[in-house]
file run27.txt (compact mmCIF, C-alpha atoms)
# COMPACT_ATOMS: atom_id res chain seq x y z
CA MET A 1 148.54 -44.75 50.23
CA THR A 2 149.54 -41.52 48.61
CA ASN A 3 148.52 -37.98 49.09
CA PRO A 4 146.48 -37.12 45.99
CA ALA A 5 148.08 -33.69 45.83
CA ASP A 6 151.44 -35.35 45.34
CA MET A 7 150.16 -37.38 42.41
CA ASP A 8 149.97 -34.23 40.30
CA HIS A 9 153.69 -34.00 39.87
CA GLU A 10 154.54 -37.69 40.09
CA PRO A 11 154.92 -38.04 36.30
CA LEU A 12 157.59 -35.38 36.47
CA ILE A 13 159.38 -37.18 39.27
CA ILE A 14 159.23 -40.39 37.27
CA ARG A 15 160.75 -38.65 34.25
CA ARG A 16 163.59 -37.43 36.43
CA ALA A 17 163.98 -40.88 37.94
CA LEU A 18 164.30 -42.32 34.45
CA ASP A 19 167.21 -39.95 33.93
CA GLY A 20 168.92 -41.52 36.92
CA ASP A 21 168.18 -38.64 39.25
CA GLU A 22 168.77 -40.03 42.73
CA GLY A 23 166.64 -37.37 44.36
CA ALA A 24 163.67 -38.38 42.21
CA LEU A 25 164.22 -42.08 42.81
CA ARG A 26 164.42 -41.41 46.48
CA ALA A 27 161.26 -39.34 46.35
CA LEU A 28 159.39 -42.25 44.75
CA TRP A 29 160.75 -44.61 47.35
CA THR A 30 159.92 -42.27 50.21
CA ARG A 31 156.39 -41.85 48.95
CA HIS A 32 155.57 -45.47 48.24
CA ALA A 33 157.74 -47.54 50.59
CA PRO A 34 155.25 -47.36 53.48
CA HIS A 35 152.73 -49.19 51.30
CA ILE A 36 154.93 -51.37 49.11
CA ASP A 37 156.98 -52.63 52.04
CA MET A 38 153.77 -53.49 53.87
CA VAL A 39 152.70 -55.67 50.94
CA VAL A 40 155.98 -57.56 51.22
CA ARG A 41 155.68 -57.80 54.99
CA ARG A 42 152.16 -59.22 54.78
CA LEU A 43 153.03 -61.84 52.18
CA VAL A 44 156.21 -62.97 53.91
CA GLY A 45 154.68 -63.30 57.36
CA GLY A 46 156.62 -63.13 60.58
CA ASP A 47 160.20 -63.35 59.30
CA ALA A 48 161.29 -59.70 59.49
CA ASP A 49 164.79 -60.29 58.15
CA LEU A 50 163.53 -62.19 55.13
CA ALA A 51 160.90 -59.52 54.52
CA ALA A 52 163.56 -56.79 54.62
CA ASP A 53 165.76 -58.67 52.14
CA ILE A 54 162.86 -59.26 49.79
CA ALA A 55 161.71 -55.65 50.07
CA GLN A 56 165.19 -54.49 49.08
CA GLU A 57 165.07 -56.76 46.03
CA VAL A 58 161.56 -55.58 45.22
CA TRP A 59 162.62 -51.94 45.11
CA ILE A 60 165.61 -52.71 42.93
CA GLN A 61 163.28 -54.52 40.55
CA ILE A 62 160.79 -51.67 40.57
CA PHE A 63 163.46 -49.15 39.59
CA ARG A 64 165.05 -51.49 37.06
CA ALA A 65 161.66 -51.89 35.44
CA LEU A 66 160.88 -48.19 35.50
CA PRO A 67 161.62 -47.71 31.77
CA SER A 68 158.76 -50.13 31.06
CA TYR A 69 156.29 -48.04 33.07
CA ARG A 70 153.91 -46.52 30.54
CA GLY A 71 151.74 -44.53 32.87
CA ASP A 72 148.63 -46.56 32.08
CA SER A 73 148.02 -46.92 35.80
CA GLN A 74 149.25 -45.00 38.80
CA PHE A 75 152.85 -45.65 39.71
CA GLY A 76 151.79 -47.06 43.08
CA THR A 77 149.48 -49.58 41.43
CA TRP A 78 152.16 -50.61 38.96
CA ALA A 79 154.78 -50.93 41.69
CA HIS A 80 152.35 -52.87 43.84
CA ARG A 81 151.99 -55.52 41.16
CA ILE A 82 155.75 -55.85 40.87
CA ALA A 83 156.01 -56.12 44.64
CA VAL A 84 153.54 -58.99 44.72
CA ASN A 85 155.23 -60.83 41.84
CA ARG A 86 158.72 -60.44 43.17
CA THR A 87 157.74 -61.37 46.69
CA LEU A 88 156.00 -64.54 45.55
CA ASN A 89 159.02 -65.41 43.40
CA ALA A 90 161.33 -64.84 46.32
CA LEU A 91 159.17 -67.00 48.56
CA ARG A 92 159.30 -69.75 45.96
CA LYS A 93 163.07 -69.49 45.91
CA THR A 94 163.18 -69.92 49.65
CA ARG A 95 160.85 -72.89 49.15
CA ARG A 96 158.23 -71.33 51.39
CA LEU A 97 155.68 -71.69 48.65
CA ALA A 98 157.08 -74.91 47.24
CA ASN A 99 154.35 -77.06 48.77
CA LEU A 100 151.46 -74.86 47.85
CA GLU A 101 149.89 -77.28 45.42
CA THR A 102 150.18 -80.05 47.97
CA GLU A 103 148.59 -77.77 50.53
CA VAL A 104 145.68 -77.15 48.24
CA ARG A 105 145.12 -80.83 47.63
CA GLU A 106 145.46 -81.83 51.26
CA ASP A 107 142.95 -80.07 53.44
CA SER A 108 144.86 -80.64 56.65
CA ALA A 109 147.98 -78.99 55.29
CA SER A 110 146.47 -75.56 54.77
CA ILE A 111 147.17 -74.40 58.28
CA GLU A 112 150.38 -74.77 60.18
CA PRO A 113 150.11 -76.55 63.51
CA ASP A 114 149.23 -74.13 66.25
CA HIS A 115 150.18 -75.59 69.58
CA ASP A 116 148.85 -72.63 71.50
CA ARG A 117 145.15 -72.83 70.91
CA SER A 118 144.53 -69.94 73.24
CA PHE A 119 146.58 -67.62 71.02
CA LEU A 120 144.71 -64.51 69.99
CA ALA A 121 146.21 -62.24 67.40
CA GLN A 122 146.06 -58.47 67.70
CA SER A 123 145.97 -57.81 63.99
CA ILE A 124 145.37 -59.40 60.61
CA GLU A 125 149.10 -59.35 60.01
CA GLU A 126 149.85 -61.18 63.24
CA ALA A 127 147.08 -63.71 62.70
CA ALA A 128 148.03 -64.37 59.09
CA ALA A 129 151.58 -65.11 60.19
CA LYS A 130 150.08 -68.23 61.80
CA LEU A 131 148.86 -69.51 58.44
CA SER A 132 150.90 -71.70 56.17
CA PRO A 133 152.69 -69.68 53.46
CA GLY A 134 150.28 -70.83 50.79
CA ALA A 135 147.14 -70.09 52.76
CA ARG A 136 148.56 -66.74 53.81
CA ALA A 137 149.39 -65.84 50.22
CA VAL A 138 145.89 -66.68 49.02
CA PHE A 139 144.20 -64.81 51.85
CA MET A 140 146.41 -61.74 51.52
CA LEU A 141 146.08 -61.62 47.77
CA HIS A 142 142.30 -62.04 47.76
CA ASP A 143 140.96 -60.39 50.89
CA VAL A 144 143.61 -57.72 51.41
CA GLU A 145 145.09 -56.94 48.01
CA GLY A 146 141.92 -57.50 46.03
CA PHE A 147 143.11 -60.12 43.54
CA THR A 148 140.55 -62.41 41.91
CA HIS A 149 140.84 -66.16 42.27
CA GLU A 150 141.82 -66.37 38.62
CA GLU A 151 144.64 -63.89 39.17
CA ILE A 152 145.77 -65.75 42.26
CA ALA A 153 145.68 -69.03 40.37
CA HIS A 154 147.90 -67.49 37.72
CA GLU A 155 150.32 -66.03 40.26
CA LEU A 156 150.61 -69.16 42.35
CA GLY A 157 150.31 -71.81 39.68
CA ILE A 158 147.18 -73.39 41.14
CA THR A 159 143.56 -73.62 40.04
CA ALA A 160 140.94 -71.03 40.86
CA GLY A 161 139.10 -73.72 42.79
CA GLY A 162 142.22 -74.43 44.79
CA SER A 163 142.52 -70.76 45.55
CA LYS A 164 138.96 -70.64 46.84
CA SER A 165 139.45 -73.71 48.98
CA GLN A 166 142.59 -72.23 50.53
CA LEU A 167 140.87 -68.93 51.12
CA PHE A 168 137.92 -70.37 52.99
CA LYS A 169 140.18 -72.48 55.18
CA ALA A 170 142.37 -69.48 55.87
CA ARG A 171 139.34 -67.41 56.84
CA ALA A 172 138.16 -70.14 59.18
CA LYS A 173 141.52 -70.14 60.95
CA LEU A 174 141.67 -66.36 61.13
CA ARG A 175 138.14 -66.25 62.45
CA LYS A 176 139.38 -68.13 65.53
CA LEU A 177 142.58 -66.18 65.94
CA LEU A 178 140.79 -62.84 65.69
CA ALA A 179 137.63 -63.83 67.54
CA HIS A 180 138.02 -61.12 70.15
CA LEU A 181 138.09 -58.49 67.40
CA ILE A 182 135.34 -59.70 65.11
CA ASP A 183 132.87 -61.66 67.20
CA VAL A 184 129.28 -60.53 67.07
CA LYS A 185 127.68 -59.90 70.43
CA ASP A 186 124.10 -60.32 69.54
CA ILE A 187 121.99 -60.84 66.51
CA GLY A 188 118.35 -60.39 65.90
CA ILE A 189 116.48 -62.05 63.12
CA SER A 190 113.41 -60.35 61.80
CA GLY A 191 111.01 -61.60 59.27
CA LYS A 192 112.69 -59.59 56.53
CA GLY A 193 116.30 -60.32 57.19
CA LEU A 194 119.21 -60.14 59.56
CA GLN A 195 120.18 -57.40 61.90
CA HIS A 196 123.35 -57.81 63.82
CA VAL A 197 125.27 -55.89 66.40
CA THR A 198 129.00 -56.30 66.10
CA SER A 199 131.63 -56.14 68.78
CA THR A 200 133.80 -53.97 66.60
CA GLU A 201 133.35 -50.62 65.02
CA ARG A 202 134.19 -50.30 61.35
CA VAL A 203 137.94 -50.35 61.11
CA ALA A 204 139.44 -47.17 59.78
CA PRO A 205 142.68 -47.13 57.81
CA VAL A 206 145.73 -46.51 59.95
CA TYR A 207 148.05 -43.79 58.71
CA MET B 208 115.27 -68.28 68.71
CA SER B 209 115.35 -72.03 68.45
CA HIS B 210 117.13 -73.82 65.68
CA PRO B 211 114.78 -74.84 62.89
CA PRO B 212 114.08 -78.57 62.96
CA ASN B 213 115.52 -80.93 60.34
CA VAL B 214 117.98 -78.36 59.07
CA SER B 215 121.68 -78.77 59.75
CA HIS B 216 123.93 -75.78 60.25
CA LEU B 217 125.92 -74.44 57.34
CA SER B 218 129.49 -75.69 57.33
CA THR B 219 132.24 -73.40 58.54
CA GLU B 220 133.81 -73.18 55.11
CA ARG B 221 130.48 -72.45 53.49
CA ILE B 222 129.82 -69.60 55.87
CA ALA B 223 133.34 -68.34 55.20
CA ALA B 224 132.54 -68.44 51.50
CA LEU B 225 129.35 -66.44 51.97
CA SER B 226 131.43 -63.34 52.63
CA ASP B 227 131.77 -62.96 48.89
CA GLU B 228 129.33 -65.48 47.45
CA SER B 229 125.55 -65.27 47.43
CA PRO B 230 123.69 -67.85 49.48
CA THR B 231 121.38 -70.27 47.74
CA ALA B 232 117.66 -70.00 48.38
CA THR B 233 117.86 -72.89 50.85
CA GLU B 234 120.80 -71.30 52.65
CA LEU B 235 119.00 -67.99 52.75
CA THR B 236 115.98 -69.60 54.35
CA HIS B 237 118.22 -71.24 56.89
CA LEU B 238 120.11 -68.07 57.68
CA ALA B 239 116.84 -66.22 58.23
CA ALA B 240 115.83 -68.73 60.86
CA CYS B 241 119.12 -69.75 62.47
CA PRO B 242 120.74 -67.13 64.70
CA GLU B 243 123.93 -69.17 65.11
CA CYS B 244 124.67 -69.35 61.41
CA ALA B 245 123.55 -65.78 60.90
CA ARG B 246 125.91 -64.66 63.66
CA GLU B 247 128.76 -66.60 62.12
CA ARG B 248 128.08 -65.00 58.78
CA ALA B 249 128.24 -61.58 60.40
CA VAL B 250 131.53 -62.49 62.07
CA TYR B 251 133.07 -63.41 58.73
CA GLN B 252 131.82 -60.16 57.30
CA ASN B 253 133.68 -58.38 60.07
CA LEU B 254 136.77 -60.37 59.20
CA LEU B 255 136.47 -59.22 55.62
CA GLU B 256 136.19 -55.60 56.70
CA LEU B 257 139.24 -56.00 58.88
CA ALA B 258 141.15 -57.46 55.94
CA SER B 259 139.97 -54.70 53.64
CA ALA B 260 141.18 -52.06 56.09
CA GLU B 261 144.55 -53.83 56.22
CA SER B 262 145.13 -53.00 52.58
CA THR B 263 145.41 -49.30 53.36
CA ARG B 264 147.52 -49.70 56.45
CA LEU B 265 150.95 -48.18 56.16
CA GLY B 266 153.98 -49.33 58.05
CA VAL B 267 157.52 -48.34 58.75
CA PRO B 268 159.45 -49.16 55.57
CA LEU B 269 161.51 -52.32 55.67
CA THR B 270 163.99 -50.78 53.29
CA GLN B 271 166.55 -48.05 53.86
CA TRP B 272 167.63 -45.67 51.15
CA GLU B 273 171.20 -45.89 52.38
CA ARG B 274 171.14 -49.59 51.48
CA LEU B 275 169.18 -49.20 48.28
CA ALA B 276 171.19 -46.39 46.74
CA PRO B 277 174.50 -48.26 46.37
CA ALA B 278 172.73 -51.21 44.78
CA LEU B 279 170.91 -48.92 42.37
CA ALA B 280 174.13 -47.10 41.54
CA THR B 281 175.83 -50.40 40.81
CA ASP B 282 172.94 -51.31 38.55
CA GLY B 283 173.24 -48.04 36.71
CA VAL B 284 169.76 -46.97 37.75
CA ILE B 285 171.22 -44.02 39.61
CA ASP B 286 173.31 -41.77 37.42
CA THR B 287 176.51 -41.53 39.44
CA GLY B 288 178.15 -39.16 36.99
CA ARG B 289 175.86 -36.33 37.85
CA ALA B 290 178.65 -33.88 38.67
CA LEU B 291 179.41 -33.86 34.95
CA PRO B 292 176.99 -32.55 32.34
CA THR B 293 175.55 -35.80 31.04
CA LEU B 294 173.19 -36.05 28.10
CA ALA B 295 170.36 -36.73 30.50
CA ARG B 296 171.06 -33.58 32.41
CA LYS B 297 171.34 -31.55 29.25
CA ARG B 298 167.91 -32.82 28.24
CA ARG B 299 166.40 -31.84 31.56
CA MET B 300 167.99 -28.43 31.37
CA SER B 301 166.77 -27.77 27.87
CA GLY B 302 163.99 -25.33 28.73
CA PRO B 303 165.07 -21.69 28.93
CA TRP B 304 163.11 -21.15 32.11
CA LEU B 305 164.85 -24.12 33.68
CA GLN B 306 168.26 -22.85 32.65
CA ALA B 307 167.49 -19.51 34.19
CA ALA B 308 166.21 -21.08 37.38
CA ALA B 309 169.27 -23.24 37.70
CA ALA B 310 171.52 -20.31 37.00
CA VAL B 311 169.90 -18.15 39.62
CA LEU B 312 170.20 -20.91 42.14
CA LEU B 313 173.77 -21.50 41.19
CA ILE B 314 174.47 -17.92 42.10
CA GLY B 315 173.02 -18.62 45.49
CA GLY B 316 174.89 -21.87 45.65
CA GLY B 317 178.05 -20.15 44.58
CA MET B 318 177.58 -17.52 47.25
CA MET B 319 177.09 -20.17 49.87
CA ALA B 320 179.95 -22.20 48.54
CA GLY B 321 181.96 -19.03 48.71
CA ARG B 322 181.88 -19.39 52.43
CA TYR B 323 184.03 -22.41 51.82
CA THR B 324 186.08 -21.14 49.00
CA ALA B 325 186.80 -17.55 49.95
CA GLY B 326 185.69 -16.31 46.58
CA ALA B 327 186.88 -19.04 44.26
CA THR B 328 184.38 -20.48 41.79
CA VAL B 329 184.17 -23.74 39.97
CA LEU B 330 181.06 -22.92 37.98
CA PRO B 331 181.36 -23.90 34.33
CA PRO B 332 181.75 -20.92 31.99
CA ALA B 333 178.29 -21.40 30.56
CA LEU B 334 176.82 -20.82 33.98
CA SER B 335 179.29 -18.33 35.36
CA PRO B 336 177.99 -15.52 37.56
CA ASN B 337 178.85 -12.94 34.90
CA ARG B 338 176.58 -14.66 32.42
CA VAL B 339 173.86 -15.11 34.99
CA ALA B 340 174.08 -11.50 36.03
CA SER B 341 173.17 -10.52 32.49
CA LEU B 342 169.79 -12.17 32.84
CA ASP B 343 167.34 -9.36 33.35
CA SER B 344 164.73 -11.07 35.45
CA VAL B 345 163.95 -13.72 37.94
CA PRO B 346 162.42 -16.73 36.22
CA ARG B 347 158.65 -16.81 36.01
CA PHE B 348 157.01 -20.18 36.04
CA ARG B 349 154.07 -21.13 33.93
CA SER B 350 152.97 -23.99 36.11
CA ILE B 351 153.48 -25.64 39.45
CA GLU B 352 155.18 -28.47 37.65
CA GLU B 353 157.75 -26.13 36.17
CA ALA B 354 158.42 -24.49 39.50
CA ARG B 355 158.79 -27.82 41.23
CA ALA B 356 161.10 -29.06 38.50
CA ALA B 357 163.25 -25.98 38.88
CA GLN B 358 163.24 -26.34 42.63
CA ALA B 359 164.31 -29.97 42.47
CA GLN B 360 166.90 -29.30 39.79
CA SER B 361 168.29 -26.36 41.72
CA GLN B 362 168.53 -28.38 44.87
CA LEU B 363 170.41 -31.10 43.10
CA THR B 364 172.72 -28.61 41.41
CA PHE B 365 173.51 -26.97 44.71
CA GLN B 366 174.17 -30.28 46.38
CA THR B 367 176.38 -31.43 43.56
CA ALA B 368 178.33 -28.18 43.55
CA THR B 369 178.78 -28.36 47.29
CA ALA B 370 179.99 -31.93 47.08
CA PHE B 371 182.38 -30.98 44.31
CA LEU B 372 183.75 -28.11 46.32
CA ALA B 373 184.10 -30.27 49.38
CA GLN B 374 186.29 -32.68 47.51
CA GLN B 375 188.16 -30.47 45.07
CA ASP B 376 188.56 -27.03 46.56
CA THR B 377 191.60 -26.70 48.80
CA THR B 378 191.86 -22.93 48.79
CA ASN B 379 190.21 -22.61 52.16
CA GLY B 380 192.33 -25.13 53.95
CA LEU B 381 193.28 -22.67 56.63
CA SER B 382 189.84 -21.36 57.47
CA GLU B 383 188.02 -24.69 57.36
CA THR B 384 189.63 -26.68 60.11
CA PRO B 385 188.59 -30.25 60.84
CA ALA B 386 187.11 -29.00 64.10
CA ALA B 387 184.93 -26.47 62.30
CA ILE B 388 183.77 -29.08 59.83
CA ARG B 389 183.00 -31.47 62.66
CA THR B 390 180.87 -28.79 64.27
CA ARG B 391 178.96 -28.40 61.04
CA LEU B 392 178.60 -32.15 60.72
CA ALA B 393 177.18 -32.44 64.22
CA ALA B 394 174.72 -29.64 63.49
CA LEU B 395 173.63 -31.30 60.27
CA ASP B 396 173.10 -34.54 62.15
CA ARG B 397 170.79 -32.79 64.56
CA VAL B 398 168.89 -31.19 61.70
CA ARG B 399 168.68 -34.53 59.92
CA ASP B 400 167.27 -36.18 63.04
CA VAL B 401 164.63 -33.50 63.52
CA VAL B 402 163.59 -33.38 59.87
CA GLY B 403 163.75 -37.16 59.63
CA GLU B 404 161.38 -37.38 62.57
CA ALA B 405 159.03 -34.98 60.82
CA LEU B 406 159.30 -37.12 57.70
CA ASN B 407 158.02 -40.09 59.66
CA ASP B 408 154.94 -38.08 60.60
CA ALA B 409 154.44 -36.57 57.16
CA PRO B 410 156.21 -38.80 54.65
CA TYR B 411 154.58 -37.09 51.67
CA ASP B 412 155.23 -33.49 52.60
CA PRO B 413 157.28 -32.06 49.72
CA VAL B 414 158.83 -29.31 51.84
CA ILE B 415 159.97 -31.72 54.53
CA ASN B 416 161.20 -34.13 51.86
CA GLY B 417 163.19 -31.34 50.28
CA TYR B 418 164.76 -30.30 53.57
CA TYR B 419 165.58 -33.88 54.41
CA LEU B 420 167.27 -34.58 51.09
CA THR B 421 169.17 -31.31 51.27
CA THR B 422 170.36 -32.05 54.78
CA VAL B 423 171.44 -35.55 53.87
CA GLY B 424 173.25 -34.22 50.82
CA GLN B 425 174.98 -31.53 52.82
CA ARG B 426 175.96 -34.04 55.45
CA GLU B 427 177.52 -36.32 52.87
CA ALA B 428 179.36 -33.39 51.33
CA THR B 429 180.61 -32.31 54.74
CA LEU B 430 181.80 -35.82 55.47
CA ARG B 431 183.77 -35.80 52.22
CA GLN B 432 185.13 -32.38 53.07
CA LEU B 433 186.17 -33.56 56.47
CA ASN B 434 187.95 -36.52 54.97
CA THR B 435 189.77 -34.13 52.64
CA ALA B 436 190.69 -31.83 55.50
CA LEU B 437 192.09 -34.57 57.67
CA PRO B 438 195.80 -35.37 57.42
CA ALA B 439 196.78 -37.70 54.59
CA GLY B 440 196.17 -41.32 55.39
CA MET B 441 193.59 -40.59 58.06
CA ARG B 442 189.98 -41.42 57.22
CA LEU B 443 186.97 -40.40 59.20
CA THR B 444 185.06 -43.17 60.87
CA SER B 445 183.43 -41.15 63.61
CA TYR B 446 183.56 -37.66 65.01
call {"tool": "encode", "arguments": {"input": "run27.txt", "output": "structure tokens"}}
result
Amino acid sequence: MTNPADMDHEPLIIRRALDGDEGALRALWTRHAPHIDMVVRRLVGGDADLAADIAQEVWIQIFRALPSYRGDSQFGTWAHRIAVNRTLNALRKTRRLANLETEVREDSASIEPDHDRSFLAQSIEEAAAKLSPGARAVFMLHDVEGFTHEEIAHELGITAGGSKSQLFKARAKLRKLLAHLIDVKDIGISGKGLQHVTSTERVAPVY
Amino acid sequence: MSHPPNVSHLSTERIAALSDESPTATELTHLAACPECARERAVYQNLLELASAESTRLGVPLTQWERLAPALATDGVIDTGRALPTLARKRRMSGPWLQAAAAVLLIGGGMMAGRYTAGATVLPPALSPNRVASLDSVPRFRSIEEARAAQAQSQLTFQTATAFLAQQDTTNGLSETPAAIRTRLAALDRVRDVVGEALNDAPYDPVINGYYLTTVGQREATLRQLNTALPAGMRLTSY
């Protein structure tokens, strides 16, 4: 996310940003936008215009809230949490998460109809865009952003059990959409356990 | 390997859950004997690794500073009165080393601005060249943080002074023709493009960031200067 060498002087930049220094604010944005905006993009899904609008609002909120940043965590971590909160709020306003609780209760509603069953996604982001907003939010928060089910339940106003149910359904859908990337070619079972050969190498972060 | 008799496969959702939940003893026994379920479990593990890698993936920002800045200025997050000595600026300039650094840079800035002003100065008395000239040494920094702070502050001071001169100083009206300013603007655009491209490749590089911000600041100042240089009533929309 951020070059560790740059973290050394980030507190100084933040102090300048608190003074209204545009250069410092811009430096924070330049440094963290590639990650923060990706969080927004992932949670919103395929609507690029909506994602851009929400990302703009997210950054305004981050800088508005800057005086409340105490330095207990890294700025990126703190901003990340704001990005998630604001994005989910924005999605609620656009009613894209309005039916989440219904989705959780009704198994069939967790995945949007996919008329093209032969569709294969080229990335997690592309595949997740095929999920319903609620299922996408749960999957992204848990498997990508590292939230616990309890945290997700709090964020989305559902139960932890509902979060788990959504997650497993979302994974099942993604497993199909990303089959060509994650399928296992062969597997051998020994007396002591499993040994498998995957069709993919370990995925390295893309910078 | 054949499927063990009298044992049904694990459900899809259960296998999906096993990516982060431990299997029961019964499930473990089944997985050890059933290649289909074991393969599916491995597939879901791959999915989890793919998702985990996604968390570190960076993308082209959705936001643009040119859109953000006006909104932040309206909100008061950006201090738009920076050309004047605000309390915030006084606080930042409180350290003697920082004052000296800013003063030294202001000399440089003044010299560069002199290209526009043919010798005129708008430096406040407290930071006039005469006072700066009495300083007996170049500032010495005690830490990287101090040096970076001075560098950033100096850059901002220079940009602000340049912008001020561009708008307020009319003493060089004859030498700075609109055509000359346009030439500078075009050059700055080329520099901005090149440095901006480098910024895409190395978004965290402090040197590139510094050059980019300086170029953008100079470009904005030049645009204001060009607007000032144009005949009354004519505003620049393109060049």
call {"tool": "closest_residue", "arguments": {"input": "run27.txt", "among": "B:Leu217, B:Leu430, B:Gln362, B:Asn416", "to": "Ala245 (chain B)", "atoms": "all atoms listed in the file"}}
result
B:Leu217
call {"tool": "interface_residues", "arguments": {"input": "run27.txt", "of": "chain B", "to": "chain A", "cutoff": "7 Å", "atoms": "all atoms listed in the file", "output": "ChimeraX atom specification"}}
result
/B:219-220,223-224,239,242,246,249-251,253-255,257-270,275,279,284-286,295,352,410-411
call {"tool": "residues_around", "arguments": {"input": "run27.txt", "residues": "Gly417 (chain B)", "least_positions_apart": "5", "cutoff": "9 Å", "atoms": "only C-alpha atoms", "output": "PyMOL selection string"}}
result
chain B and resi 359+362+412+422
call {"tool": "atom_distance", "arguments": {"input": "run27.txt", "atom1": "CA of Val398 (chain B)", "atom2": "CA of Glu273 (chain B)"}}
result
17.6 Å
call {"tool": "atom_distance", "arguments": {"input": "run27.txt", "atom1": "CA of Arg391 (chain B)", "atom2": "CA of Thr429 (chain B)"}}
result
7.6 Å
call {"tool": "atom_distance", "arguments": {"input": "run27.txt", "atom1": "CA of Ala121 (chain A)", "atom2": "CA of Ile82 (chain A)"}}
result
28.9 Å
call {"tool": "axis_aligned_box", "arguments": {"input": "run27.txt", "around": "region 166-183 of chain A", "padding_each_side": "6 Å", "output": "AutoDock Vina command-line options"}}
result
--center_x 137.7 --center_y -65.5 --center_z 60.3 --size_x 21.7 --size_y 26.0 --size_z 31.6
call {"tool": "decode", "arguments": {"input": "run27.txt", "residues": "region 394-409 of chain B", "atoms": "C-alpha atoms", "output": "CSV table (one decimal), in the first residue's frame"}}
result
chain,number,residue,atom,x,y,z
B,394,ALA,CA,6.6,24.1,-21.5
B,395,LEU,CA,5.1,23.6,-18.1
B,396,ASP,CA,2.4,21.5,-19.6
B,397,ARG,CA,5.0,19.3,-21.2
B,398,VAL,CA,6.9,19.0,-17.9
B,399,ARG,CA,3.7,18.3,-16.0
B,400,ASP,CA,2.9,15.5,-18.5
B,401,VAL,CA,6.3,13.9,-18.2
B,402,VAL,CA,6.5,14.2,-14.4
B,403,GLY,CA,2.8,13.1,-14.1
B,404,GLU,CA,3.6,10.0,-16.1
B,405,ALA,CA,6.5,9.3,-13.7
B,406,LEU,CA,4.2,9.8,-10.8
B,407,ASN,CA,2.0,7.0,-12.1
B,408,ASP,CA,5.0,4.7,-12.1
B,409,ALA,CA,6.3,5.8,-8.7
